[in-house]
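Undergrad: Handing you a structure now.
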Amino acid sequence: MTRQQVREALAVLQSEVPHWDVPVITLMAQEHRDPYRVLIATLLSLRTQDQTTGPAAQRLFALADTPEAMLKLDQKTIERAIYPVGFYRTKAEQVLTISQRLLDEFDGQVPDDIDVLTSFHGVGRKTANLVLAEGYNIPAICVDTHVHRISNRWGYVKTKDPLATEMALRKKLPRDLWITYNPMLVALGQHCCKPTSPMCSQCPVASFCKRVGVQRSR
DNA sequence: AAAACGGGGGC
DNA sequence: GCCCCAGTTTT
């Protein structure tokens, strides 16, 4: 897959996405570009599916959408609001400790530096890059399992872990596509290019993919 | 009933 | 590099 083909593939996906679902965090960022909401929603979304994150995040933000307001909530209240996302105890704790540190050290603002972000407990590269991209509109490549899986299926990169994928994409992916790459691939991954049993016959970008017409184990 | 799903940290 | 963490959705 060449740079130009990736550009074309993303354009095709761009036109498909309206009748798929836009990932909830991207949708949220379109409504109000708020790094705090992006950070908290991403925290909730870790190791859970996109559709279950949405309602949970809505319930929580109805109660509090700033660090100050969040710290006024009882941990139990947060747990109840986010319950279906799983790991609700850990996640509620993280929401509170992160909010506290934002207030103590950053004047309530979410940092826009990847190293500072990943120094927070519970924030890894995926979360940090998504905060930069969706929260601040700063070019950043957020590599989740969809991005990792599909980039490799396409043959655009040949990497075995998400960090390697991020580094490879950093070299190969044109900078103006860094922000949109994640939401487009997430949408494709959820509706079509699934981890097991991908629906290649209905895939709008199959013509770009090295898998089509070639038998592969995965 | 069982397997798939999807990041981060501790060790 | 291996293990753990919890709940929803799909098979």
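Starting from 1 in every chain, residues are counted up; chains themselves are A, B, ... following the order of the structure tokens, and ligands are numbered from 1 as listed.
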Specify as a list of chain:residue names all residues of chain B found within 10 Å of chain A, counting only C-alpha atoms (C1' of nucleotides).

TA: B:DA4, B:DC5, B:DG6, B:DG7, B:DG8, B:DG9

Undergrad: Against chain C, which residues of chain A fall within 10 Å? For each one I want the closest pair of atoms and the distance in Å (one decimal), counting only C-alpha atoms (C1' of nucleotides), rows by chain and increasing residue number, as a Markdown table.

TA:
| residue | atom | partner | partner_atom | distance |
| --- | --- | --- | --- | --- |
| A:Arg47 | CA | C:DA6 | C1' | 9.6 |
| A:Thr48 | CA | C:DG7 | C1' | 8.4 |
| A:Gln49 | CA | C:DT8 | C1' | 8.2 |
| A:Gln51 | CA | C:DT8 | C1' | 9.8 |
| A:Thr52 | CA | C:DT8 | C1' | 7.6 |
| A:Tyr83 | CA | C:DG7 | C1' | 8.4 |
| A:Pro84 | CA | C:DG7 | C1' | 6.2 |
| A:Val85 | CA | C:DG7 | C1' | 6.4 |
| A:Gly86 | CA | C:DG7 | C1' | 4.5 |
| A:Phe87 | CA | C:DA6 | C1' | 4.9 |
| A:Tyr88 | CA | C:DA6 | C1' | 7.7 |
| A:Arg89 | CA | C:DA6 | C1' | 9.4 |
| A:Thr90 | CA | C:DC5 | C1' | 8.6 |

Undergrad: Taking only region 3-205 of chain A into account, list the residues labelled alpha helix (DSSP H) by DSSP (computed from the backbone), as a PyMOL selection string.

TA: chain A and resi 3-16+24-31+35-45+50-63+67-71+75-82+88-106+114-118+125-130+136+145-154+162-172+178-191

Undergrad: Just give me the gap between CA of Arg7 (chain A) and CA of Cys142 (chain A) in Å, one decimal is fine.

TA: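 Taking CA of Arg7 (chain A) as the start and CA of Cys142 (chain A) as the end point, the length is 17.2 Å.
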